[in-house]
file run10.cif (mmCIF, C-alpha atoms)
data_target
loop_
_atom_site.group_PDB
_atom_site.id
_atom_site.type_symbol
_atom_site.label_atom_id
_atom_site.label_comp_id
_atom_site.auth_asym_id
_atom_site.auth_seq_id
_atom_site.Cartn_x
_atom_site.Cartn_y
_atom_site.Cartn_z
ATOM 1 C CA MET A 240 118.644 43.050 51.341
ATOM 2 C CA ASN A 241 116.880 40.546 53.456
ATOM 3 C CA ALA A 242 114.792 41.110 56.581
ATOM 4 C CA ARG A 243 117.683 40.329 58.915
ATOM 5 C CA THR A 244 119.806 43.070 57.337
ATOM 6 C CA LEU A 245 116.984 45.599 57.609
ATOM 7 C CA VAL A 246 116.429 44.756 61.280
ATOM 8 C CA ARG A 247 120.163 44.946 61.975
ATOM 9 C CA LEU A 248 120.454 48.339 60.279
ATOM 10 C CA THR A 249 117.358 49.710 62.002
ATOM 11 C CA PHE A 250 117.879 48.455 65.559
ATOM 12 C CA ALA A 251 121.245 46.776 66.134
ATOM 13 C CA ASN A 252 123.867 49.431 65.546
ATOM 14 C CA PRO A 253 124.836 51.962 68.225
ATOM 15 C CA ALA A 254 123.697 55.095 66.377
ATOM 16 C CA SER A 255 120.225 53.725 65.662
ATOM 17 C CA ALA A 256 119.905 52.359 69.195
ATOM 18 C CA ILE A 257 120.747 55.748 70.716
ATOM 19 C CA TYR A 258 118.335 57.512 68.344
ATOM 20 C CA LEU A 259 115.502 55.086 69.110
ATOM 21 C CA GLY A 260 116.236 55.364 72.839
ATOM 22 C CA LEU A 261 115.968 59.157 72.730
ATOM 23 C CA VAL A 262 112.710 58.924 70.813
ATOM 24 C CA ALA A 263 111.350 56.379 73.318
ATOM 25 C CA VAL A 264 112.190 58.678 76.238
ATOM 26 C CA ALA A 265 110.526 61.629 74.488
ATOM 27 C CA VAL A 266 107.402 59.569 73.789
ATOM 28 C CA ALA A 267 107.308 58.296 77.396
ATOM 29 C CA VAL A 268 107.563 61.843 78.775
ATOM 30 C CA ALA A 269 104.914 63.120 76.351
ATOM 31 C CA THR A 270 102.592 60.242 77.279
ATOM 32 C CA ALA A 271 103.061 60.842 81.003
ATOM 33 C CA VAL A 272 102.413 64.558 80.659
ATOM 34 C CA THR A 273 99.356 63.906 78.513
ATOM 35 C CA LEU A 274 97.919 61.465 81.058
ATOM 36 C CA PHE A 275 98.667 63.335 84.267
ATOM 37 C CA ALA A 276 98.739 67.058 83.445
ATOM 38 C CA ARG A 277 95.716 69.290 83.247
ATOM 39 C CA ASP A 278 96.948 71.021 80.117
ATOM 40 C CA PRO A 279 99.532 68.962 78.210
ATOM 41 C CA GLY A 280 100.221 71.768 75.748
ATOM 42 C CA PHE A 281 102.756 70.991 73.061
ATOM 43 C CA GLU A 282 104.347 67.928 74.641
ATOM 44 C CA TRP A 283 104.039 65.860 71.447
ATOM 45 C CA ALA A 284 106.121 68.417 69.575
ATOM 46 C CA LEU A 285 109.377 66.934 70.930
ATOM 47 C CA PRO A 286 108.793 63.412 69.560
ATOM 48 C CA ALA A 287 107.719 64.988 66.270
ATOM 49 C CA LEU A 288 110.940 67.021 66.209
ATOM 50 C CA PHE A 289 112.983 63.842 66.572
ATOM 51 C CA ALA A 290 111.324 62.650 63.353
ATOM 52 C CA PHE A 291 111.480 66.099 61.782
ATOM 53 C CA PRO A 292 112.947 65.783 58.302
ATOM 54 C CA LEU A 293 110.616 63.006 57.198
ATOM 55 C CA PHE A 294 107.735 64.027 59.451
ATOM 56 C CA LEU A 295 107.719 67.465 57.821
ATOM 57 C CA VAL A 296 106.916 65.854 54.476
ATOM 58 C CA VAL A 297 104.105 63.854 56.076
ATOM 59 C CA ALA A 298 102.753 66.977 57.794
ATOM 60 C CA LEU A 299 102.744 68.864 54.496
ATOM 61 C CA VAL A 300 100.577 66.134 52.991
ATOM 62 C CA HIS A 301 97.903 66.928 55.577
ATOM 63 C CA GLY A 302 98.241 70.606 54.711
ATOM 64 C CA ALA A 303 95.127 72.639 55.326
ATOM 65 C CA GLN A 304 93.123 69.647 56.490
ATOM 66 C CA GLY A 305 94.088 70.448 60.055
ATOM 67 C CA GLN A 306 95.271 68.055 62.702
ATOM 68 C CA PRO A 307 95.018 64.361 61.778
ATOM 69 C CA PRO A 308 93.379 61.838 64.108
ATOM 70 C CA THR A 309 95.551 60.641 66.977
ATOM 71 C CA TRP A 310 95.956 57.103 65.615
ATOM 72 C CA LEU A 311 97.156 58.464 62.272
ATOM 73 C CA PHE A 312 99.558 60.908 63.929
ATOM 74 C CA LEU A 313 101.127 58.152 66.054
ATOM 75 C CA THR A 314 101.350 55.725 63.131
ATOM 76 C CA GLU A 315 103.047 58.335 60.960
ATOM 77 C CA LEU A 316 105.413 59.180 63.813
ATOM 78 C CA VAL A 317 106.430 55.537 64.287
ATOM 79 C CA VAL A 318 106.934 54.952 60.556
ATOM 80 C CA CYS A 319 109.003 58.132 60.186
ATOM 81 C CA VAL A 320 111.189 57.273 63.185
ATOM 82 C CA LEU A 321 111.797 53.717 61.955
ATOM 83 C CA LEU A 322 112.660 54.892 58.436
ATOM 84 C CA GLN A 323 115.059 57.486 59.801
ATOM 85 C CA SER A 324 116.645 54.877 62.050
ATOM 86 C CA LEU A 325 117.137 52.654 58.998
ATOM 87 C CA VAL A 326 118.755 55.502 57.067
ATOM 88 C CA LEU A 327 120.954 56.371 60.047
ATOM 89 C CA GLY A 328 122.043 52.744 60.383
ATOM 90 C CA THR A 329 122.781 52.524 56.670
ATOM 91 C CA ILE A 330 124.900 55.671 56.796
ATOM 92 C CA VAL A 331 126.850 54.408 59.806
ATOM 93 C CA GLU A 332 127.461 50.978 58.287
ATOM 94 C CA ALA A 333 128.427 52.463 54.930
ATOM 95 C CA SER A 334 130.867 54.832 56.587
ATOM 96 C CA ARG A 335 132.464 51.869 58.332
ATOM 97 C CA GLY A 336 132.721 49.995 55.047
ATOM 98 C CA ARG A 337 130.698 47.029 56.266
ATOM 99 C CA LEU A 338 127.805 47.386 53.882
ATOM 100 C CA ARG A 339 128.780 45.412 50.809
ATOM 101 C CA LEU A 340 126.924 43.738 48.066
ATOM 102 C CA ARG A 341 127.231 40.058 48.639
ATOM 103 C CA ARG A 342 127.397 38.021 45.503
ATOM 104 C CA ARG A 343 125.941 34.594 45.591
ATOM 105 C CA PRO A 344 127.744 31.807 43.764
ATOM 106 C CA ARG A 345 126.083 30.927 40.512
ATOM 107 C CA ALA A 346 124.417 27.566 40.334
ATOM 108 C CA SER A 347 125.705 25.481 37.461
#
call {"tool": "encode", "arguments": {"input": "run10.cif", "output": "structure tokens"}}
result
Amino acid sequence: MNARTLVRLTFANPASAIYLGLVAVAVAVATAVTLFARDPGFEWALPALFAFPLFLVVALVHGAQGQPPTWLFLTELVVCVLLQSLVLGTIVEASRGRLRLRRRPRAS
């Protein structure tokens, strides 16, 4: 796979676009509540739940170390969401039968 295929699978199909849009809305709401509320509470739990299957593995790595720094939490969240969007796009394209191995002609 080349970079164009990865970008297309991650961002350019409808399922991945809807998923990334929902995550963006959840992050925007969590950011607004964090900035403007006295006690933001568990607002960042919703974006983490959108990345749940993969984010659970990342959270288990931290284990008993407690809460990671904010920059690490956000980086892990973005990476998990992008990887899940790639997997979602791959599943959608494979179910449509569009994901094929392209054979290049052999140079003589």
call {"tool": "closest_residue", "arguments": {"input": "run10.cif", "among": "A:Val297, A:Ala290, A:Val272, A:Met240", "to": "Ser324 of chain A", "atoms": "all atoms listed in the file"}}
result
A:Ala290
call {"tool": "closest_residue", "arguments": {"input": "run10.cif", "among": "A:Leu316, A:Pro308, A:Leu321, A:Pro279", "to": "Val296 of chain A", "atoms": "only C-alpha atoms"}}
result
A:Leu316
call {"tool": "resolve_selection", "arguments": {"input": "run10.cif", "expression": "the PyMOL selection byres ((chain A and resi 312) around 12)", "output": "JSON, numbers by chain"}}
result
{"A": [283, 284, 286, 287, 290, 294, 297, 298, 301, 305, 306, 307, 308, 309, 310, 311, 313, 314, 315, 316, 317, 318, 319]}
call {"tool": "atom_distance", "arguments": {"input": "run10.cif", "atom1": "atom CA of Val262 of chain A", "atom2": "atom CA of Phe289 of chain A"}}
result
6.5 Å
call {"tool": "residues_near_point", "arguments": {"input": "run10.cif", "point": "(105.7, 64.8, 74.9)", "cutoff": "8 Å", "atoms": "all atoms listed in the file", "output": "count of residues only"}}
result
15
call {"tool": "atom_distance", "arguments": {"input": "run10.cif", "atom1": "atom CA of Val326 of chain A", "atom2": "atom CA of Ile257 of chain A"}}
result
13.8 Å
call {"tool": "atom_distance", "arguments": {"input": "run10.cif", "atom1": "atom CA of Thr244 of chain A", "atom2": "atom CA of Phe291 of chain A"}}
result
24.9 Å
call {"tool": "closest_residue", "arguments": {"input": "run10.cif", "among": "A:Leu295, A:Ala276, A:Leu327, A:Ala263", "to": "Ala251 of chain A", "atoms": "all atoms listed in the file"}}
result
A:Leu327
call {"tool": "closest_residue", "arguments": {"input": "run10.cif", "among": "A:Gly280, A:Arg243, A:Ser255, A:Phe250", "to": "Val331 of chain A", "atoms": "all atoms listed in the file"}}
result
A:Ser255
call {"tool": "closest_residue", "arguments": {"input": "run10.cif", "among": "A:Asn241, A:Leu293, A:Val320, A:Val300", "to": "Gly260 of chain A", "atoms": "all atoms listed in the file"}}
result
A:Val320
